[in-house]
Amino acid sequence: MAEPDPITVAVPHVPRLEDLGLARDRPLVIVDVDEVLGMFMRGFGNFVTSQGYEMRVERFALLQSIYRPGAAEHLEIDEGRKLFQTFFRAHCGEMDVAPGAIEALARLATRAEILILSNAPAEAQALRAAWLRRHDLPHPLILSSGPKGPITAALTAQSSGRSAFVDDLISNLDSVAEHAPATARFQHVADEQLRPLTPTRPDLHPRIDDWKLLGEAIEQQILR
Ligand SMILES: [Mg+2]
């Protein structure tokens with residue numbers, strides 16, 4: 001029998017867990033896509049290259065990492081932004097899964113509800129949902145924007161179980177710490193080139209870049 005399509009919901013409104021197919025009485029694990037489940041930097045870099053540009057991963061500033069071949073100055077930000085938008089509109093399904101993510105989430109899903117929360121343009125919805133489905137990540141997807149604390153608080157408040165949140169960006173982790181302090185937070189950066197460049201606050205948000213270890217740490221937090 002075919003798997004049902006993952007439910008995709010474009011916020012602003014906060015969906016009810018049951019409308020996403022999620023139980024309120026099990027732990028809730030909220031997981032990001034780009035640089036957590038998916039190798040965004042590599043996928044976007046391949047797209048940028050296919051358009052005749054170079055991606056130089058030398059600093060933590062995406063749109064300032066795109067260059068015309070051989071150029072000393074990065075591409076104009078507006079031009080970079082157009083590439084970014086085109087990638088999400090048409091090419092964000094062309095991205096590898098982070099190593100170990102599928103196995104770790106499959107294991108967690110036996111003990112918890114999994115919800116994918118991605119800050120991406122609404123036009124990425126169909127491609128992103130299809131990408132998840134194709135890679136054995138059949139979990140509901142919410143596309144959002146802005147700091148993730150408020151929506152995480154509204155989602156976890158509906159659950160009687162413990163909760164956990166995984167993201168690569170400190171801004172989202174800080175926001176969840178502020179708005180949903182009871183939710184266990186973890187930072188994960190999938191791309192090896194980005195790892196040393198990504199701001200991190202391990203005293204506040206444990207940083208675990210290996211999905212096997214991350215899955216075990218989440219399990220310990222939500223099942224204790
Ligand atoms: Mg991300």
# chains A, B, ... in the order shown; residues from 1 in each chain; ligands from 1
>>> residues_near_ligand(ligand="ligand 1", cutoff="9 Å", atoms="only C-alpha atoms and all ligand atoms", output="list in words")
Asp32, Val33, Asp34, Glu35, Val36, Leu37, Gly38, Phe40, Ser118, Asn119, Val166, Asp167, Asp168, Leu169, Asn172, His188 and Val189 of chain A
>>> residues_around(residues="A:Phe47", least_positions_apart="3", cutoff="12 Å", atoms="only C-alpha atoms", output="number ranges by chain")
A: 40-44, 50-55, 66, 80, 83-88, 90-95
>>> write_last_selection(atoms="N, CA and C atoms", output="compact mmCIF listing (two decimals), in the first residue's frame")
# COMPACT_ATOMS: atom_id res chain seq x y z
N PHE A 40 22.25 20.88 2.77
CA PHE A 40 21.85 22.07 2.02
C PHE A 40 23.02 22.74 1.31
N MET A 41 24.10 22.97 2.04
CA MET A 41 25.21 23.74 1.48
C MET A 41 25.75 23.06 0.22
N ARG A 42 25.84 21.75 0.28
CA ARG A 42 26.34 21.03 -0.90
C ARG A 42 25.32 21.08 -2.04
N GLY A 43 24.05 20.88 -1.72
CA GLY A 43 23.01 20.92 -2.75
C GLY A 43 22.91 22.29 -3.40
N PHE A 44 22.91 23.32 -2.56
CA PHE A 44 22.85 24.69 -3.08
C PHE A 44 24.13 25.01 -3.85
N SER A 50 26.13 24.95 -11.21
CA SER A 50 25.44 24.65 -12.47
C SER A 50 25.00 25.93 -13.18
N GLN A 51 24.92 27.03 -12.43
CA GLN A 51 24.52 28.32 -13.01
C GLN A 51 25.75 29.15 -13.43
N GLY A 52 26.94 28.54 -13.29
CA GLY A 52 28.15 29.23 -13.76
C GLY A 52 28.86 30.05 -12.69
N TYR A 53 28.50 29.85 -11.43
CA TYR A 53 29.16 30.59 -10.34
C TYR A 53 29.97 29.63 -9.48
N GLU A 54 30.70 30.21 -8.53
CA GLU A 54 31.48 29.42 -7.58
C GLU A 54 30.95 29.63 -6.16
N MET A 55 30.91 28.55 -5.41
CA MET A 55 30.57 28.66 -3.98
C MET A 55 31.86 28.48 -3.20
N ILE A 66 29.09 33.38 -2.69
CA ILE A 66 28.89 33.09 -4.11
C ILE A 66 29.73 34.08 -4.93
N GLY A 80 22.67 36.94 -5.58
CA GLY A 80 22.74 35.73 -4.76
C GLY A 80 21.37 35.32 -4.24
N LEU A 83 19.40 33.50 -6.80
CA LEU A 83 19.81 32.09 -6.89
C LEU A 83 19.19 31.28 -5.76
N PHE A 84 19.21 31.87 -4.56
CA PHE A 84 18.64 31.21 -3.39
C PHE A 84 17.15 30.92 -3.61
N GLN A 85 16.44 31.91 -4.11
CA GLN A 85 15.00 31.74 -4.33
C GLN A 85 14.73 30.70 -5.42
N THR A 86 15.53 30.75 -6.47
CA THR A 86 15.34 29.77 -7.55
C THR A 86 15.62 28.36 -7.06
N PHE A 87 16.64 28.24 -6.21
CA PHE A 87 16.95 26.92 -5.66
C PHE A 87 15.75 26.36 -4.90
N PHE A 88 15.15 27.16 -4.03
CA PHE A 88 14.02 26.65 -3.25
C PHE A 88 12.79 26.41 -4.11
N ALA A 90 12.78 25.50 -7.32
CA ALA A 90 12.88 24.48 -8.37
C ALA A 90 13.88 23.37 -8.11
N HIS A 91 14.82 23.55 -7.17
CA HIS A 91 15.92 22.57 -7.07
C HIS A 91 16.17 22.03 -5.66
N CYS A 92 15.33 22.40 -4.68
CA CYS A 92 15.66 21.99 -3.31
C CYS A 92 15.41 20.50 -3.08
N GLY A 93 14.87 19.83 -4.08
CA GLY A 93 14.75 18.37 -3.98
C GLY A 93 16.05 17.66 -4.35
N GLU A 94 17.02 18.44 -4.85
CA GLU A 94 18.29 17.85 -5.30
C GLU A 94 19.34 18.04 -4.20
N MET A 95 19.15 17.29 -3.15
CA MET A 95 20.01 17.46 -1.97
C MET A 95 20.14 16.09 -1.32
>>> closest_residue(among="A:Leu75, A:Leu115, A:Val14, A:Ala190", to="A:Val97", atoms="only C-alpha atoms")
A:Ala190
>>> closest_residue(among="A:Leu197, A:Leu20, A:Ile114, A:Leu204", to="A:Leu173", atoms="only C-alpha atoms")
A:Leu204
>>> closest_residue(among="A:Asp203, A:Asp96, A:Glu103, A:Asp191", to="A:Glu216", atoms="only C-alpha atoms")
A:Glu103
>>> residues_around(residues="A:Arg56", least_positions_apart="2", cutoff="10 Å", atoms="only C-alpha atoms", output="count of residues only")
12
>>> residues_around(residues="A:Arg111", least_positions_apart="4", cutoff="8 Å", atoms="only C-alpha atoms", output="short mmCIF file (atom, residue, chain, number, x, y, z; two decimals) with C-alpha atoms, in the first residue's frame")
data_model
loop_
_atom_site.label_atom_id
_atom_site.label_comp_id
_atom_site.auth_asym_id
_atom_site.auth_seq_id
_atom_site.Cartn_x
_atom_site.Cartn_y
_atom_site.Cartn_z
CA ARG A 26 3.93 10.90 23.20
CA PRO A 27 7.21 12.87 23.22
CA ARG A 107 14.57 4.71 15.67
#
>>> select_by_dssp(residues="stretch 4-223 of chain A", states="helix (DSSP H, G or I)", output="number ranges by chain")
A: 17-20, 40-50, 62-64, 77-91, 101-108, 122-134, 149-156, 170-179, 195-197, 211-223
>>> closest_residue(among="A:Thr183, A:His135, A:Ala124, A:Ala109", to="A:Ser159", atoms="only C-alpha atoms")
A:Thr183
>>> select_by_dssp(residues="stretch 111-193 of chain A", states="strand (DSSP E or B)", output="PyMOL selection string")
chain A and resi 113-119+141-144+163-167+184-187
>>> atom_distance(atom1="atom CA of A:Arg68", atom2="atom CA of A:Leu194")
20.7 Å
>>> residues_around(residues="A:Ile151", least_positions_apart="3", cutoff="9 Å", atoms="only C-alpha atoms", output="PyMOL selection string")
chain A and resi 14+144+147-148+154-156+176+179
>>> write_last_selection(atoms="C-alpha atoms", output="mmCIF file, in the first residue's frame")
data_model
loop_
_atom_site.group_PDB
_atom_site.id
_atom_site.type_symbol
_atom_site.label_atom_id
_atom_site.label_comp_id
_atom_site.auth_asym_id
_atom_site.auth_seq_id
_atom_site.Cartn_x
_atom_site.Cartn_y
_atom_site.Cartn_z
ATOM 1 C CA VAL A 14 -0.213 26.982 14.271
ATOM 2 C CA SER A 144 7.769 28.571 8.647
ATOM 3 C CA PRO A 147 12.830 32.612 14.827
ATOM 4 C CA LYS A 148 11.376 29.229 15.691
ATOM 5 C CA ALA A 154 2.738 26.610 20.527
ATOM 6 C CA LEU A 155 3.347 23.081 19.230
ATOM 7 C CA THR A 156 4.959 21.627 22.358
ATOM 8 C CA VAL A 176 13.418 28.101 21.548
ATOM 9 C CA HIS A 179 9.962 30.653 24.360
#
>>> atom_distance(atom1="atom CA of A:Leu108", atom2="atom CA of A:Gln125")
24.1 Å
>>> atom_distance(atom1="atom CA of A:Ala126", atom2="atom CA of A:Thr152")
22.2 Å
>>> residues_around(residues="A:Thr200", least_positions_apart="5", cutoff="8 Å", atoms="only C-alpha atoms", output="ChimeraX atom specification")
/A:170,187,205,207
>>> residues_around(residues="A:Ala164", least_positions_apart="3", cutoff="7 Å", atoms="only C-alpha atoms", output="ChimeraX atom specification")
/A:28-30,183-185,218,222
>>> write_last_selection(atoms="C-alpha atoms", output="short mmCIF file (atom, residue, chain, number, x, y, z; two decimals), in the first residue's frame")
data_model
loop_
_atom_site.label_atom_id
_atom_site.label_comp_id
_atom_site.auth_asym_id
_atom_site.auth_seq_id
_atom_site.Cartn_x
_atom_site.Cartn_y
_atom_site.Cartn_z
CA LEU A 28 7.53 15.38 20.37
CA VAL A 29 10.79 15.81 18.45
CA ILE A 30 10.97 18.87 16.17
CA THR A 183 12.21 21.69 25.35
CA ALA A 184 15.60 19.99 25.09
CA ARG A 185 17.71 21.71 22.43
CA ILE A 218 17.55 12.97 22.14
CA ILE A 222 12.68 12.60 25.92
#
>>> decode(residues="stretch 56-102 of chain A", atoms="N, CA and C atoms", output="PDB file, in the first residue's frame")
ATOM      1  N   ARG A  56      32.224  29.480  -2.384  1.00  0.00           N
ATOM      2  CA  ARG A  56      33.420  29.364  -1.534  1.00  0.00           C
ATOM      3  C   ARG A  56      32.969  29.396  -0.073  1.00  0.00           C
ATOM      4  N   VAL A  57      33.067  28.249   0.562  1.00  0.00           N
ATOM      5  CA  VAL A  57      32.611  28.142   1.949  1.00  0.00           C
ATOM      6  C   VAL A  57      33.758  28.546   2.861  1.00  0.00           C
ATOM      7  N   GLU A  58      33.846  29.843   3.107  1.00  0.00           N
ATOM      8  CA  GLU A  58      34.952  30.383   3.902  1.00  0.00           C
ATOM      9  C   GLU A  58      34.478  31.184   5.100  1.00  0.00           C
ATOM     10  N   ARG A  59      33.198  31.482   5.137  1.00  0.00           N
ATOM     11  CA  ARG A  59      32.648  32.228   6.266  1.00  0.00           C
ATOM     12  C   ARG A  59      31.175  31.873   6.421  1.00  0.00           C
ATOM     13  N   PHE A  60      30.597  32.244   7.562  1.00  0.00           N
ATOM     14  CA  PHE A  60      29.212  31.878   7.846  1.00  0.00           C
ATOM     15  C   PHE A  60      28.295  32.979   7.321  1.00  0.00           C
ATOM     16  N   ALA A  61      28.211  33.088   5.987  1.00  0.00           N
ATOM     17  CA  ALA A  61      27.388  34.112   5.350  1.00  0.00           C
ATOM     18  C   ALA A  61      27.097  33.606   3.946  1.00  0.00           C
ATOM     19  N   LEU A  62      25.942  32.977   3.801  1.00  0.00           N
ATOM     20  CA  LEU A  62      25.643  32.237   2.574  1.00  0.00           C
ATOM     21  C   LEU A  62      25.760  33.098   1.314  1.00  0.00           C
ATOM     22  N   LEU A  63      25.064  34.249   1.328  1.00  0.00           N
ATOM     23  CA  LEU A  63      24.996  35.033   0.096  1.00  0.00           C
ATOM     24  C   LEU A  63      26.312  35.758  -0.195  1.00  0.00           C
ATOM     25  N   GLN A  64      27.201  35.772   0.779  1.00  0.00           N
ATOM     26  CA  GLN A  64      28.521  36.358   0.549  1.00  0.00           C
ATOM     27  C   GLN A  64      29.554  35.292   0.213  1.00  0.00           C
ATOM     28  N   SER A  65      29.069  34.100  -0.101  1.00  0.00           N
ATOM     29  CA  SER A  65      29.968  32.986  -0.446  1.00  0.00           C
ATOM     30  C   SER A  65      29.877  32.612  -1.919  1.00  0.00           C
ATOM     31  N   ILE A  66      29.092  33.385  -2.691  1.00  0.00           N
ATOM     32  CA  ILE A  66      28.894  33.090  -4.112  1.00  0.00           C
ATOM     33  C   ILE A  66      29.730  34.075  -4.935  1.00  0.00           C
ATOM     34  N   TYR A  67      30.493  33.541  -5.874  1.00  0.00           N
ATOM     35  CA  TYR A  67      31.419  34.365  -6.670  1.00  0.00           C
ATOM     36  C   TYR A  67      31.262  34.055  -8.149  1.00  0.00           C
ATOM     37  N   ARG A  68      31.525  35.036  -8.963  1.00  0.00           N
ATOM     38  CA  ARG A  68      31.770  34.741 -10.374  1.00  0.00           C
ATOM     39  C   ARG A  68      33.120  34.046 -10.442  1.00  0.00           C
ATOM     40  N   PRO A  69      33.310  33.144 -11.395  1.00  0.00           N
ATOM     41  CA  PRO A  69      34.560  32.374 -11.419  1.00  0.00           C
ATOM     42  C   PRO A  69      35.786  33.288 -11.376  1.00  0.00           C
ATOM     43  N   GLY A  70      36.643  33.030 -10.413  1.00  0.00           N
ATOM     44  CA  GLY A  70      37.899  33.776 -10.312  1.00  0.00           C
ATOM     45  C   GLY A  70      37.787  35.151  -9.697  1.00  0.00           C
ATOM     46  N   ALA A  71      36.563  35.628  -9.420  1.00  0.00           N
ATOM     47  CA  ALA A  71      36.404  36.995  -8.923  1.00  0.00           C
ATOM     48  C   ALA A  71      36.892  37.115  -7.487  1.00  0.00           C
ATOM     49  N   ALA A  72      37.368  38.317  -7.118  1.00  0.00           N
ATOM     50  CA  ALA A  72      37.824  38.553  -5.752  1.00  0.00           C
ATOM     51  C   ALA A  72      36.658  38.946  -4.852  1.00  0.00           C
ATOM     52  N   GLU A  73      35.673  39.633  -5.424  1.00  0.00           N
ATOM     53  CA  GLU A  73      34.520  40.102  -4.645  1.00  0.00           C
ATOM     54  C   GLU A  73      33.340  39.157  -4.856  1.00  0.00           C
ATOM     55  N   HIS A  74      32.590  38.931  -3.787  1.00  0.00           N
ATOM     56  CA  HIS A  74      31.423  38.038  -3.942  1.00  0.00           C
ATOM     57  C   HIS A  74      30.365  38.673  -4.849  1.00  0.00           C
ATOM     58  N   LEU A  75      29.491  37.832  -5.337  1.00  0.00           N
ATOM     59  CA  LEU A  75      28.395  38.260  -6.203  1.00  0.00           C
ATOM     60  C   LEU A  75      27.525  39.275  -5.444  1.00  0.00           C
ATOM     61  N   GLU A  76      26.888  40.183  -6.178  1.00  0.00           N
ATOM     62  CA  GLU A  76      25.983  41.131  -5.534  1.00  0.00           C
ATOM     63  C   GLU A  76      24.931  40.339  -4.743  1.00  0.00           C
ATOM     64  N   ILE A  77      24.578  40.867  -3.558  1.00  0.00           N
ATOM     65  CA  ILE A  77      23.653  40.141  -2.673  1.00  0.00           C
ATOM     66  C   ILE A  77      22.311  39.869  -3.368  1.00  0.00           C
ATOM     67  N   ASP A  78      21.819  40.846  -4.129  1.00  0.00           N
ATOM     68  CA  ASP A  78      20.531  40.654  -4.819  1.00  0.00           C
ATOM     69  C   ASP A  78      20.597  39.500  -5.817  1.00  0.00           C
ATOM     70  N   GLU A  79      21.731  39.377  -6.497  1.00  0.00           N
ATOM     71  CA  GLU A  79      21.894  38.275  -7.450  1.00  0.00           C
ATOM     72  C   GLU A  79      21.949  36.944  -6.712  1.00  0.00           C
ATOM     73  N   GLY A  80      22.670  36.943  -5.583  1.00  0.00           N
ATOM     74  CA  GLY A  80      22.745  35.735  -4.760  1.00  0.00           C
ATOM     75  C   GLY A  80      21.375  35.321  -4.241  1.00  0.00           C
ATOM     76  N   ARG A  81      20.604  36.338  -3.852  1.00  0.00           N
ATOM     77  CA  ARG A  81      19.264  36.050  -3.332  1.00  0.00           C
ATOM     78  C   ARG A  81      18.382  35.436  -4.413  1.00  0.00           C
ATOM     79  N   LYS A  82      18.547  35.890  -5.630  1.00  0.00           N
ATOM     80  CA  LYS A  82      17.766  35.292  -6.741  1.00  0.00           C
ATOM     81  C   LYS A  82      18.120  33.818  -6.900  1.00  0.00           C
ATOM     82  N   LEU A  83      19.399  33.500  -6.796  1.00  0.00           N
ATOM     83  CA  LEU A  83      19.812  32.094  -6.892  1.00  0.00           C
ATOM     84  C   LEU A  83      19.194  31.277  -5.759  1.00  0.00           C
ATOM     85  N   PHE A  84      19.213  31.865  -4.556  1.00  0.00           N
ATOM     86  CA  PHE A  84      18.643  31.207  -3.385  1.00  0.00           C
ATOM     87  C   PHE A  84      17.153  30.922  -3.608  1.00  0.00           C
ATOM     88  N   GLN A  85      16.436  31.912  -4.108  1.00  0.00           N
ATOM     89  CA  GLN A  85      14.996  31.737  -4.332  1.00  0.00           C
ATOM     90  C   GLN A  85      14.727  30.705  -5.422  1.00  0.00           C
ATOM     91  N   THR A  86      15.532  30.747  -6.472  1.00  0.00           N
ATOM     92  CA  THR A  86      15.336  29.770  -7.550  1.00  0.00           C
ATOM     93  C   THR A  86      15.622  28.356  -7.056  1.00  0.00           C
ATOM     94  N   PHE A  87      16.636  28.237  -6.209  1.00  0.00           N
ATOM     95  CA  PHE A  87      16.952  26.919  -5.660  1.00  0.00           C
ATOM     96  C   PHE A  87      15.748  26.360  -4.904  1.00  0.00           C
ATOM     97  N   PHE A  88      15.155  27.165  -4.030  1.00  0.00           N
ATOM     98  CA  PHE A  88      14.023  26.654  -3.246  1.00  0.00           C
ATOM     99  C   PHE A  88      12.793  26.413  -4.115  1.00  0.00           C
ATOM    100  N   ARG A  89      12.625  27.220  -5.139  1.00  0.00           N
ATOM    101  CA  ARG A  89      11.452  27.045  -5.997  1.00  0.00           C
ATOM    102  C   ARG A  89      11.563  25.800  -6.863  1.00  0.00           C
ATOM    103  N   ALA A  90      12.777  25.499  -7.320  1.00  0.00           N
ATOM    104  CA  ALA A  90      12.879  24.479  -8.372  1.00  0.00           C
ATOM    105  C   ALA A  90      13.880  23.366  -8.109  1.00  0.00           C
ATOM    106  N   HIS A  91      14.815  23.550  -7.174  1.00  0.00           N
ATOM    107  CA  HIS A  91      15.916  22.570  -7.066  1.00  0.00           C
ATOM    108  C   HIS A  91      16.171  22.035  -5.662  1.00  0.00           C
ATOM    109  N   CYS A  92      15.331  22.403  -4.683  1.00  0.00           N
ATOM    110  CA  CYS A  92      15.661  21.985  -3.309  1.00  0.00           C
ATOM    111  C   CYS A  92      15.408  20.496  -3.079  1.00  0.00           C
ATOM    112  N   GLY A  93      14.868  19.830  -4.079  1.00  0.00           N
ATOM    113  CA  GLY A  93      14.753  18.374  -3.976  1.00  0.00           C
ATOM    114  C   GLY A  93      16.045  17.665  -4.352  1.00  0.00           C
ATOM    115  N   GLU A  94      17.017  18.444  -4.851  1.00  0.00           N
ATOM    116  CA  GLU A  94      18.287  17.854  -5.298  1.00  0.00           C
ATOM    117  C   GLU A  94      19.339  18.037  -4.203  1.00  0.00           C
ATOM    118  N   MET A  95      19.153  17.288  -3.146  1.00  0.00           N
ATOM    119  CA  MET A  95      20.006  17.458  -1.969  1.00  0.00           C
ATOM    120  C   MET A  95      20.140  16.089  -1.317  1.00  0.00           C
ATOM    121  N   ASP A  96      21.343  15.770  -0.850  1.00  0.00           N
ATOM    122  CA  ASP A  96      21.534  14.489  -0.162  1.00  0.00           C
ATOM    123  C   ASP A  96      21.025  14.587   1.277  1.00  0.00           C
ATOM    124  N   VAL A  97      20.722  13.430   1.846  1.00  0.00           N
ATOM    125  CA  VAL A  97      20.340  13.375   3.256  1.00  0.00           C
ATOM    126  C   VAL A  97      21.603  13.330   4.106  1.00  0.00           C
ATOM    127  N   ALA A  98      21.551  13.958   5.262  1.00  0.00           N
ATOM    128  CA  ALA A  98      22.693  13.928   6.177  1.00  0.00           C
ATOM    129  C   ALA A  98      22.955  12.483   6.614  1.00  0.00           C
ATOM    130  N   PRO A  99      24.228  12.092   6.666  1.00  0.00           N
ATOM    131  CA  PRO A  99      24.545  10.706   7.033  1.00  0.00           C
ATOM    132  C   PRO A  99      23.965  10.329   8.396  1.00  0.00           C
ATOM    133  N   GLY A 100      23.282   9.191   8.430  1.00  0.00           N
ATOM    134  CA  GLY A 100      22.753   8.673   9.695  1.00  0.00           C
ATOM    135  C   GLY A 100      21.403   9.221  10.102  1.00  0.00           C
ATOM    136  N   ALA A 101      20.912  10.248   9.385  1.00  0.00           N
ATOM    137  CA  ALA A 101      19.667  10.901   9.814  1.00  0.00           C
ATOM    138  C   ALA A 101      18.456   9.967   9.674  1.00  0.00           C
ATOM    139  N   ILE A 102      18.399   9.251   8.576  1.00  0.00           N
ATOM    140  CA  ILE A 102      17.231   8.390   8.335  1.00  0.00           C
ATOM    141  C   ILE A 102      17.135   7.317   9.428  1.00  0.00           C
TER     142      ILE A 102
END
